[in-house]
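> Provided below: start.tsv, containing TSV, C-alpha atoms and all ligand atoms.
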```
chain	number	residue	atom	x	y	z
A	21	MET	CA	58.43	-20.57	-26.90
A	22	SER	CA	60.57	-21.78	-23.98
A	23	LYS	CA	59.17	-24.45	-21.69
A	24	GLY	CA	57.64	-23.42	-18.35
A	25	ARG	CA	59.37	-24.62	-15.23
A	26	LEU	CA	58.86	-24.66	-11.48
A	27	ILE	CA	61.76	-23.93	-9.11
A	28	VAL	CA	61.52	-24.31	-5.33
A	29	LEU	CA	63.82	-22.40	-2.97
A	30	THR	CA	63.77	-23.49	0.67
A	31	GLY	CA	65.98	-22.79	3.66
A	32	PRO	CA	65.72	-21.71	7.28
A	33	SER	CA	64.40	-18.31	8.20
A	34	GLY	CA	67.16	-15.70	8.08
A	35	VAL	CA	69.47	-17.71	5.81
A	36	GLY	CA	69.16	-15.05	3.10
A	37	LYS	CA	66.55	-16.46	0.67
A	38	GLY	CA	64.87	-13.08	0.19
A	39	THR	CA	68.21	-11.32	-0.28
A	40	LEU	CA	69.41	-13.88	-2.84
A	41	LEU	CA	66.10	-13.76	-4.71
A	42	LYS	CA	66.11	-9.98	-4.91
A	43	SER	CA	69.47	-10.00	-6.72
A	44	LEU	CA	68.56	-13.01	-8.83
A	45	LEU	CA	65.33	-11.39	-10.03
A	46	GLN	CA	67.11	-8.11	-10.78
A	47	ARG	CA	69.62	-9.97	-12.94
A	48	HIS	CA	67.04	-12.14	-14.74
A	49	LYS	CA	63.92	-9.97	-14.94
A	50	ASP	CA	62.72	-11.42	-18.21
A	51	ASP	CA	63.32	-15.08	-17.37
A	52	LEU	CA	62.12	-15.53	-13.79
A	53	PHE	CA	58.82	-14.88	-12.01
A	54	LEU	CA	58.54	-15.00	-8.21
A	55	SER	CA	55.21	-16.32	-6.90
A	56	VAL	CA	53.61	-14.03	-4.29
A	57	SER	CA	52.24	-16.12	-1.43
A	58	ALA	CA	49.26	-15.49	0.80
A	59	THR	CA	49.92	-15.36	4.54
A	60	THR	CA	48.11	-14.73	7.81
A	61	ARG	CA	51.32	-13.20	9.25
A	62	SER	CA	51.19	-9.46	9.99
A	63	PRO	CA	53.17	-7.27	7.60
A	64	ARG	CA	56.69	-6.29	8.73
A	65	PRO	CA	57.65	-2.63	8.48
A	66	GLY	CA	58.07	-1.81	4.80
A	67	GLU	CA	56.31	-4.91	3.48
A	68	VAL	CA	53.71	-4.15	0.82
A	69	ASP	CA	50.46	-6.08	0.34
A	70	GLY	CA	50.41	-7.78	-3.06
A	71	LYS	CA	54.19	-7.40	-3.49
A	72	ASN	CA	55.84	-9.20	-0.57
A	73	TYR	CA	52.76	-11.22	0.33
A	74	HIS	CA	49.00	-11.13	0.02
A	75	PHE	CA	48.18	-10.44	3.66
A	76	VAL	CA	44.92	-12.18	4.58
A	77	THR	CA	42.98	-13.03	7.73
A	78	ARG	CA	42.77	-16.61	8.98
A	79	PRO	CA	39.11	-16.99	7.88
A	80	GLN	CA	40.08	-15.70	4.41
A	81	PHE	CA	42.97	-18.16	4.30
A	82	GLU	CA	40.74	-21.03	5.38
A	83	ARG	CA	38.24	-20.14	2.67
A	84	MET	CA	41.02	-20.18	0.07
A	85	VAL	CA	42.12	-23.62	1.29
A	86	ALA	CA	38.53	-24.93	1.11
A	87	GLN	CA	38.13	-23.60	-2.43
A	88	GLY	CA	41.33	-25.33	-3.61
A	89	GLU	CA	43.04	-22.03	-4.39
A	90	PHE	CA	46.48	-23.15	-3.20
A	91	LEU	CA	49.06	-25.26	-5.00
A	92	GLU	CA	50.43	-26.01	-1.52
A	93	TRP	CA	50.09	-24.47	1.90
A	94	ALA	CA	51.56	-24.96	5.38
A	95	GLU	CA	51.66	-23.56	8.88
A	96	PHE	CA	54.98	-22.04	9.95
A	97	ALA	CA	55.80	-20.49	13.34
A	98	GLY	CA	52.10	-19.94	14.13
A	99	ASN	CA	51.01	-18.50	10.77
A	100	CYS	CA	49.67	-19.94	7.52
A	101	TYR	CA	51.39	-19.53	4.15
A	102	GLY	CA	50.15	-20.68	0.74
A	103	THR	CA	51.03	-20.48	-2.94
A	104	PRO	CA	48.12	-19.19	-5.07
A	105	ARG	CA	47.54	-21.81	-7.75
A	106	LYS	CA	46.20	-19.71	-10.63
A	107	PRO	CA	49.05	-17.25	-11.34
A	108	VAL	CA	51.65	-20.02	-11.08
A	109	GLU	CA	49.80	-22.35	-13.46
A	110	GLU	CA	49.20	-19.50	-15.93
A	111	LYS	CA	52.86	-18.47	-15.95
A	112	ILE	CA	54.08	-22.02	-16.43
A	113	ARG	CA	51.59	-22.55	-19.27
A	114	SER	CA	52.92	-19.42	-20.96
A	115	GLY	CA	56.46	-20.79	-20.81
A	116	LYS	CA	57.76	-18.83	-17.78
A	117	TRP	CA	60.05	-20.05	-15.04
A	118	VAL	CA	58.34	-19.63	-11.67
A	119	ILE	CA	60.17	-19.57	-8.33
A	120	LEU	CA	58.43	-20.58	-5.10
A	121	GLU	CA	60.19	-19.40	-1.92
A	122	ILE	CA	58.55	-21.76	0.56
A	123	GLU	CA	59.27	-23.73	3.73
A	124	LEU	CA	59.91	-27.48	4.07
A	125	ASP	CA	56.33	-28.86	4.26
A	126	GLY	CA	55.34	-26.90	1.16
A	127	ALA	CA	58.46	-28.07	-0.70
A	128	ARG	CA	57.51	-31.67	0.13
A	129	GLN	CA	53.98	-31.13	-1.22
A	130	ILE	CA	55.38	-29.67	-4.45
A	131	ARG	CA	57.78	-32.62	-4.76
A	132	ARG	CA	54.73	-34.91	-4.86
A	133	SER	CA	52.59	-32.80	-7.20
A	134	PHE	CA	55.40	-31.50	-9.47
A	135	PRO	CA	58.17	-34.12	-9.36
A	136	SER	CA	60.04	-32.34	-12.16
A	137	ALA	CA	60.38	-29.08	-10.17
A	138	LEU	CA	64.01	-28.21	-9.37
A	139	GLN	CA	64.38	-28.08	-5.57
A	140	ILE	CA	67.16	-25.94	-4.12
A	141	PHE	CA	68.04	-25.77	-0.40
A	142	ILE	CA	69.86	-22.71	0.97
A	143	ALA	CA	71.91	-23.54	4.07
A	144	PRO	CA	73.60	-21.16	6.54
A	145	PRO	CA	77.38	-21.26	7.12
A	146	SER	CA	76.61	-22.10	10.79
A	147	MET	CA	73.78	-21.88	13.34
A	148	VAL	CA	75.60	-19.03	15.10
A	149	GLU	CA	75.63	-17.04	11.85
A	150	LEU	CA	71.97	-17.91	11.19
A	151	GLU	CA	70.92	-16.57	14.58
A	152	ALA	CA	73.04	-13.43	14.03
A	153	ARG	CA	71.30	-12.83	10.70
A	154	ILE	CA	67.76	-13.30	12.07
A	155	ARG	CA	68.52	-11.00	14.99
A	156	GLY	CA	70.43	-8.52	12.79
A	157	ARG	CA	67.38	-8.21	10.54
A	158	ALA	CA	65.55	-6.98	13.67
A	159	GLN	CA	62.10	-7.47	12.20
A	160	ASP	CA	60.56	-10.18	14.34
A	161	PRO	CA	59.48	-10.31	17.99
A	162	GLU	CA	61.61	-12.53	20.26
A	163	ALA	CA	59.00	-15.34	20.33
A	164	ALA	CA	58.93	-15.44	16.51
A	165	ILE	CA	62.74	-15.54	16.37
A	166	LEU	CA	62.86	-18.50	18.79
A	167	ARG	CA	60.22	-20.43	16.80
A	168	ARG	CA	62.18	-19.82	13.60
A	169	LEU	CA	65.46	-20.99	15.16
A	170	GLN	CA	63.82	-24.13	16.54
A	171	ARG	CA	62.33	-24.93	13.14
A	172	ALA	CA	65.69	-24.23	11.45
A	173	TRP	CA	67.18	-27.44	12.90
A	174	GLU	CA	64.43	-29.58	11.31
A	175	GLU	CA	64.81	-27.81	7.98
A	176	ILE	CA	68.60	-28.23	7.92
A	177	GLU	CA	68.25	-31.94	8.74
A	178	ALA	CA	66.06	-32.28	5.63
A	179	ALA	CA	68.55	-30.53	3.30
A	180	GLY	CA	69.54	-33.87	1.73
A	181	GLU	CA	66.02	-34.28	0.27
A	182	PHE	CA	66.68	-31.40	-2.12
A	183	ASP	CA	68.26	-31.66	-5.58
A	184	ILE	CA	70.90	-29.04	-4.76
A	185	GLN	CA	72.28	-27.59	-1.51
A	186	ILE	CA	73.92	-24.17	-1.55
A	187	VAL	CA	75.64	-22.57	1.46
A	188	ASN	CA	74.92	-18.83	1.63
A	189	ASP	CA	78.24	-17.70	3.11
A	190	ASP	CA	79.43	-15.23	0.51
A	191	LEU	CA	76.36	-13.76	-1.20
A	192	GLU	CA	77.91	-13.39	-4.66
A	193	ARG	CA	79.29	-16.91	-4.62
A	194	ALA	CA	75.94	-18.37	-3.52
A	195	LEU	CA	74.17	-16.38	-6.25
A	196	GLY	CA	76.62	-17.74	-8.82
A	197	GLU	CA	75.85	-21.29	-7.68
A	198	ILE	CA	72.11	-20.69	-8.04
A	199	GLU	CA	72.65	-19.30	-11.53
A	200	ILE	CA	74.70	-22.35	-12.51
A	201	ALA	CA	71.95	-24.65	-11.17
A	202	LEU	CA	69.30	-22.79	-13.17
A	203	PHE	CA	71.00	-21.88	-16.40
A	204	GLU	CA	73.92	-24.27	-16.86
A	205	PRO	CA	72.70	-27.80	-16.30
A	206	VAL	CA	75.57	-30.27	-16.23
A	207	ALA	CA	75.85	-32.20	-19.50
A	208	ALA	CA	74.91	-35.84	-19.22
A	209	VAL	CA	77.92	-38.06	-18.60
A	210	CYS	CA	78.15	-40.97	-21.05
A	301	LIG	N1	54.70	-23.57	2.38
A	301	LIG	C1	54.86	-22.26	2.15
A	301	LIG	N2	55.81	-21.58	2.79
A	301	LIG	C2	55.95	-20.26	2.52
A	301	LIG	C3	55.13	-19.60	1.58
A	301	LIG	N3	55.50	-18.29	1.54
A	301	LIG	C4	56.53	-18.15	2.39
A	301	LIG	N4	56.81	-19.33	2.99
A	301	LIG	C5	57.84	-19.64	3.97
A	301	LIG	O1	57.39	-19.30	5.26
A	301	LIG	C6	58.52	-19.07	6.10
A	301	LIG	C7	58.30	-17.81	6.91
A	301	LIG	O2	58.30	-16.71	6.04
A	301	LIG	P1	58.38	-15.24	6.63
A	301	LIG	O3	57.36	-15.08	7.70
A	301	LIG	O4	58.32	-14.27	5.50
A	301	LIG	O5	59.76	-15.21	7.42
A	301	LIG	P2	61.31	-15.23	7.02
A	301	LIG	O6	61.61	-16.45	6.21
A	301	LIG	O7	61.92	-15.26	8.35
A	301	LIG	O8	61.60	-13.97	6.25
A	301	LIG	C8	59.73	-19.01	5.16
A	301	LIG	O9	60.42	-20.24	5.26
A	301	LIG	C9	59.13	-18.84	3.79
A	301	LIG	O10	59.94	-19.42	2.79
A	301	LIG	C10	54.13	-20.37	0.89
A	301	LIG	O11	53.38	-19.91	0.06
A	301	LIG	N5	54.04	-21.68	1.23
A	302	LIG	N1	75.54	-13.98	2.42
A	302	LIG	C1	75.17	-13.19	3.42
A	302	LIG	N2	76.09	-12.73	4.29
A	302	LIG	C2	75.72	-11.92	5.34
A	302	LIG	N3	74.47	-11.52	5.60
A	302	LIG	C3	73.50	-11.95	4.76
A	302	LIG	C4	73.79	-12.80	3.64
A	302	LIG	N4	72.63	-13.07	3.01
A	302	LIG	C5	71.66	-12.42	3.70
A	302	LIG	N5	72.17	-11.75	4.74
A	302	LIG	C6	71.44	-10.94	5.74
A	302	LIG	O1	70.72	-11.87	6.57
A	302	LIG	C7	69.46	-11.30	6.98
A	302	LIG	C8	68.34	-12.29	6.62
A	302	LIG	O2	68.21	-12.35	5.21
A	302	LIG	P1	66.80	-12.59	4.50
A	302	LIG	O3	67.05	-12.48	3.01
A	302	LIG	O4	65.76	-11.71	5.11
A	302	LIG	O5	66.52	-14.12	4.90
A	302	LIG	P2	65.29	-15.10	4.64
A	302	LIG	O6	64.52	-14.51	3.47
A	302	LIG	O7	65.92	-16.42	4.30
A	302	LIG	O8	64.52	-15.15	5.91
A	302	LIG	C9	69.33	-9.96	6.29
A	302	LIG	O9	69.67	-8.94	7.20
A	302	LIG	C10	70.36	-10.03	5.15
A	302	LIG	O10	70.87	-8.77	4.81
```
Translate the structure of the given file into structure tokens.


Amino acid sequence: MSKGRLIVLTGPSGVGKGTLLKSLLQRHKDDLFLSVSATTRSPRPGEVDGKNYHFVTRPQFERMVAQGEFLEWAEFAGNCYGTPRKPVEEKIRSGKWVILEIELDGARQIRRSFPSALQIFIAPPSMVELEARIRGRAQDPEAAILRRLQRAWEEIEAAGEFDIQIVNDDLERALGEIEIALFEPVAAVC
């Protein structure tokens, strides 16, 4: 049986993490499992409970924190997000590769608790393009967009903490780079 593995994907809101992951998971259905987070954020149009997120109330989220149900959790732009511990641990134990699509604080927590996790940072081609993508998605109120853009600067400054940085300019090229990072590790240089 193959060995389980944890992969963290982080990057500012609107950079294209969800878009990249959708294609990646379609191409590698049998190899990769995406963790479904819990959040107190309201569902966006089209988002499905249990598929995109587990949508919970703040008291429910706080109870889950108190009961140690999260592998990591953080507050982002006024809402809480957390990775349910049990499904991730079960998948890893059964030899699966699990991807966490999480923000910077969560990635830092995972770095401490799972130092062997591969940490990938997705960067935008520019801040102008990032803002255009968040606005083009047209799914967040103005206040949420502004909070995400403000936070984006801090996240981009921390890109160097990650094992790999990939610029999502051309989607196919960025996907190819993620696939190389996951499936074609560079041979050790003697
Ligand atoms: N720490 C942490 N961050 C998460 C989790 N789930 C999602 N996030 C991050 O929370 C941020 C906001 O997510 P979301 O509201 O879906 O907005 P979007 O990134 O603009 O699509 C993103 O950076 C996600 O990667 C989680 O379980 N833990
Ligand atoms: N390489 C790319 N070039 C142009 N637009 C992109 C690219 N990747 C993603 N997008 C668009 O940017 C917007 C934000 O992408 P999304 O995957 O929702 O970002 P995130 O999950 O990081 O918040 C979407 O409208 C998506 O279609």

> Enter the distance from atom O1 of ligand LIG 302 (chain A) to CA of Thr77 in chain A, in Å, rounded to one decimal.

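We find that atom O1 of ligand LIG 302 (chain A) and CA of Thr77 in chain A lie 27.8 Å from each other.
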
> Find the distance between atom N5 of ligand LIG 301 (chain A) and CA of Val85 in chain A and write it in Å to one decimal.

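Atom N5 of ligand LIG 301 (chain A) sits 12.1 Å away from CA of Val85 in chain A.
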
> Using the file's own x, y and z axes, so that the box edges lie along x, y and z, what centre and edge lengths in Å (one decimal) does a box around every listed atom of range 78-86 of chain A get when 6 Å is added on each side? Give it as JSON.


```
{"center_x": 40.6, "center_y": -20.3, "center_z": 4.5, "size_x": 16.7, "size_y": 21.2, "size_z": 20.9}
```

> Using only C-alpha atoms and all ligand atoms, find each residue with an atom at most 6 Å away from ligand LIG 301 (chain A) and format the answer as a ChimeraX atom specification.

/A:30,32-34,57,93-94,96,101-103,121-123,125-126

> How would the residues just picked look written out with C-alpha atoms as a compact mmCIF listing (two decimals), keeping the file's coordinate frame?


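As written to disk, selection.txt reads:
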```
# COMPACT_ATOMS: atom_id res chain seq x y z
CA THR A 30 63.77 -23.49 0.67
CA PRO A 32 65.72 -21.71 7.28
CA SER A 33 64.40 -18.31 8.20
CA GLY A 34 67.16 -15.70 8.08
CA SER A 57 52.24 -16.12 -1.43
CA TRP A 93 50.09 -24.47 1.90
CA ALA A 94 51.56 -24.96 5.38
CA PHE A 96 54.98 -22.04 9.95
CA TYR A 101 51.39 -19.53 4.15
CA GLY A 102 50.15 -20.68 0.74
CA THR A 103 51.03 -20.48 -2.94
CA GLU A 121 60.19 -19.40 -1.92
CA ILE A 122 58.55 -21.76 0.56
CA GLU A 123 59.27 -23.73 3.73
CA ASP A 125 56.33 -28.86 4.26
CA GLY A 126 55.34 -26.90 1.16
```

> Report as a PyMOL selection string all protein, DNA and RNA residues lying within 12 Å of Arg167 in chain A, evaluated on all atoms listed in the file, omitting residues in the same chain fewer than 5 positions from it.

chain A and resi 32-33+96-99+151+154+160-162+172-174

> Can you list every residue of chain A that has an atom at most 6 Å from ligand LIG 302 (chain A), with its nearest atom pair and the distance in Å to one decimal, using all atoms listed in the file, ordered by chain then number, as CSV?


```
residue,atom,partner,partner_atom,distance
A:Ser33,CA,A:LIG302,O8,3.9
A:Gly34,CA,A:LIG302,O8,3.5
A:Val35,CA,A:LIG302,O7,4.1
A:Gly36,CA,A:LIG302,O3,3.3
A:Lys37,CA,A:LIG302,O7,3.7
A:Gly38,CA,A:LIG302,O6,3.6
A:Thr39,CA,A:LIG302,O3,3.7
A:Arg153,CA,A:LIG302,O1,4.3
A:Ile154,CA,A:LIG302,C8,5.6
A:Gly156,CA,A:LIG302,O9,5.7
A:Arg157,CA,A:LIG302,O9,4.1
A:Asn188,CA,A:LIG302,N1,5.0
A:Asp189,CA,A:LIG302,N1,4.6
A:Asp190,CA,A:LIG302,N1,4.5
A:Leu191,CA,A:LIG302,N1,3.7
```

> Quick one: of A:Ala127, A:Ile186, A:Ala58, A:Ala137, who's nearest to Tyr73 in chain A, counting all atoms listed in the file?

A:Ala58
